[in-house]
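Coordinates as given in structure.tsv (TSV, C-alpha atoms):
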```
chain	number	residue	atom	x	y	z
A	11	MET	CA	-16.79	-28.86	35.31
A	12	GLU	CA	-16.16	-25.99	32.88
A	13	LEU	CA	-12.41	-26.20	33.52
A	14	LEU	CA	-12.49	-29.80	32.28
A	15	ALA	CA	-14.46	-28.70	29.24
A	16	ALA	CA	-11.83	-26.03	28.52
A	17	LEU	CA	-9.04	-28.60	28.90
A	18	GLN	CA	-10.81	-30.96	26.51
A	19	PHE	CA	-11.49	-28.17	23.99
A	20	LEU	CA	-8.02	-26.57	23.95
A	21	THR	CA	-5.73	-29.59	24.46
A	22	ILE	CA	-5.40	-33.25	23.69
A	23	LEU	CA	-5.32	-34.11	27.40
A	24	PRO	CA	-7.75	-36.98	27.99
A	25	VAL	CA	-10.81	-35.75	29.88
A	26	LYS	CA	-13.27	-38.35	28.54
A	27	ARG	CA	-16.50	-36.53	29.25
A	28	ASN	CA	-19.36	-35.38	27.10
A	29	PHE	CA	-20.06	-31.69	27.56
A	30	THR	CA	-23.07	-29.77	26.37
A	31	SER	CA	-22.59	-26.78	24.11
A	32	GLU	CA	-23.71	-24.63	27.04
A	33	GLN	CA	-20.92	-25.98	29.25
A	34	ILE	CA	-18.35	-25.47	26.51
A	35	GLY	CA	-19.60	-21.90	26.08
A	36	ARG	CA	-19.17	-21.22	29.79
A	37	SER	CA	-15.70	-22.80	29.72
A	38	THR	CA	-14.22	-19.76	27.96
A	39	VAL	CA	-13.71	-18.20	31.39
A	40	TRP	CA	-11.16	-20.96	32.06
A	41	PHE	CA	-9.16	-20.54	28.83
A	42	PRO	CA	-6.46	-18.41	30.56
A	43	VAL	CA	-6.07	-21.10	33.22
A	44	VAL	CA	-5.59	-23.75	30.53
A	45	GLY	CA	-3.00	-21.48	28.91
A	46	PHE	CA	-1.25	-21.23	32.26
A	47	ILE	CA	-1.27	-25.02	32.62
A	48	ILE	CA	0.24	-25.45	29.16
A	49	GLY	CA	2.80	-22.75	29.95
A	50	ALA	CA	3.70	-24.45	33.24
A	51	ILE	CA	4.24	-27.76	31.44
A	52	LEU	CA	6.47	-26.05	28.88
A	53	PHE	CA	8.37	-24.17	31.59
A	54	GLY	CA	9.01	-27.40	33.50
A	55	LEU	CA	10.25	-29.13	30.37
A	56	HIS	CA	12.49	-26.16	29.56
A	57	TYR	CA	13.92	-26.14	33.06
A	58	ILE	CA	14.82	-29.83	32.82
A	59	LEU	CA	15.93	-29.99	29.19
A	60	GLU	CA	18.15	-26.91	29.32
A	61	LEU	CA	20.41	-28.77	31.75
A	62	ILE	CA	21.25	-31.50	29.24
A	63	LEU	CA	20.56	-30.22	25.71
A	64	PRO	CA	21.66	-27.24	23.57
A	65	ALA	CA	19.32	-24.24	23.55
A	66	ALA	CA	18.31	-24.58	19.89
A	67	LEU	CA	17.25	-28.19	20.39
A	68	VAL	CA	15.35	-27.33	23.58
A	69	ASN	CA	13.44	-24.59	21.75
A	70	ALA	CA	12.55	-26.92	18.87
A	71	LEU	CA	11.35	-29.58	21.30
A	72	LEU	CA	9.24	-27.07	23.23
A	73	ILE	CA	7.54	-25.93	20.04
A	74	ALA	CA	6.85	-29.56	19.12
A	75	VAL	CA	5.39	-30.23	22.58
A	76	LEU	CA	3.18	-27.12	22.30
A	77	VAL	CA	1.89	-28.29	18.92
A	78	ILE	CA	1.21	-31.76	20.30
A	79	LEU	CA	-0.47	-30.54	23.52
A	80	SER	CA	-2.71	-28.07	21.72
A	81	GLY	CA	-3.42	-30.35	18.79
A	82	GLY	CA	-1.93	-27.74	16.47
A	83	LEU	CA	-4.68	-25.29	17.38
A	84	HIS	CA	-2.37	-22.26	17.42
A	85	LEU	CA	-0.64	-23.21	14.19
A	86	ASP	CA	-3.99	-23.56	12.46
A	87	GLY	CA	-4.92	-20.04	13.54
A	88	LEU	CA	-1.54	-18.70	12.40
A	89	SER	CA	-1.82	-20.36	9.01
A	90	ASP	CA	-5.38	-19.04	8.56
A	91	THR	CA	-4.19	-15.52	9.38
A	92	ILE	CA	-1.31	-15.70	6.92
A	93	ASP	CA	-3.62	-17.13	4.26
A	94	GLY	CA	-6.07	-14.30	4.82
A	95	LEU	CA	-3.40	-11.61	4.65
A	96	ALA	CA	-1.20	-12.93	1.85
A	97	GLY	CA	-3.03	-15.72	0.09
A	98	HIS	CA	-5.55	-13.70	-1.89
A	99	PRO	CA	-4.93	-11.14	-4.63
A	100	HIS	CA	-5.66	-7.48	-3.94
A	101	ALA	CA	-8.65	-5.70	-5.47
A	102	GLY	CA	-8.00	-4.65	-9.06
A	103	THR	CA	-5.26	-7.24	-9.59
A	104	PRO	CA	-5.80	-9.65	-12.48
A	105	THR	CA	-6.56	-13.03	-10.97
A	106	GLY	CA	-6.61	-15.44	-13.88
A	107	ASN	CA	-8.93	-18.39	-14.25
A	108	TYR	CA	-9.71	-20.32	-11.07
A	109	ALA	CA	-12.09	-22.84	-12.66
```
What would you get if you wrote out this structure as structure tokens?
Amino acid sequence: MELLAALQFLTILPVKRNFTSEQIGRSTVWFPVVGFIIGAILFGLHYILELILPAALVNALLIAVLVILSGGLHLDGLSDTIDGLAGHPHAGTPTGNYA
């Protein structure tokens, strides 16, 4: 049951169940398995697409599929990290008026 909760939480794959917050909390054990499932899907697509398409196009398509499967979850984390590291002025730097 927790594997399904992890799939629902980390992907857009249709699970169609209501999970309690307790079940979602316990589903973190299954996060690596969900990552493996996503990786296996991407590997299979790569294996098939590399036979008929150029490498650059295959890579772009795989990134798009990852974004779609994960609902952009990883890109959101990446953008939050970059915003935290580079988006704010350093201490002692004049900041201007942010009203």
Self-check item: Gap from CA of Gly82 (chain A) to CA of Asn69 (chain A) - Å, one decimal
Solution: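 Computing it gives 16.6 Å between the two atoms.
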Exercise. Identify, on the basis of only C-alpha atoms, every residue whose closest approach to Ile47 (chain A) does not exceed 12 Å; exclude the query and any residue fewer than 2 positions from it along the same chain; express the result as a VMD selection string.
Key: chain A and resid 13 16 to 17 20 to 21 23 40 to 45 49 to 54 76 79 to 80
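Between CA of Phe29 (chain A) and CA of Ala15 (chain A) lies a distance of 6.6 Å.
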Quiz item: Of the residues A:Leu72, A:Ile92, A:Val77, A:Leu83, which is the one nearest to Leu59 (chain A), using all atoms listed in the file?
Solution: A:Leu72
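The gap separating CA of Ile78 (chain A) from CA of Pro24 (chain A) is 12.9 Å, in Å to one decimal.
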Self-check item: Distance criterion (all atoms listed in the file): nearest to Gln18 (chain A) out of A:Gly81, A:Val39, A:Ala70, A:Asp90
Solution: A:Gly81
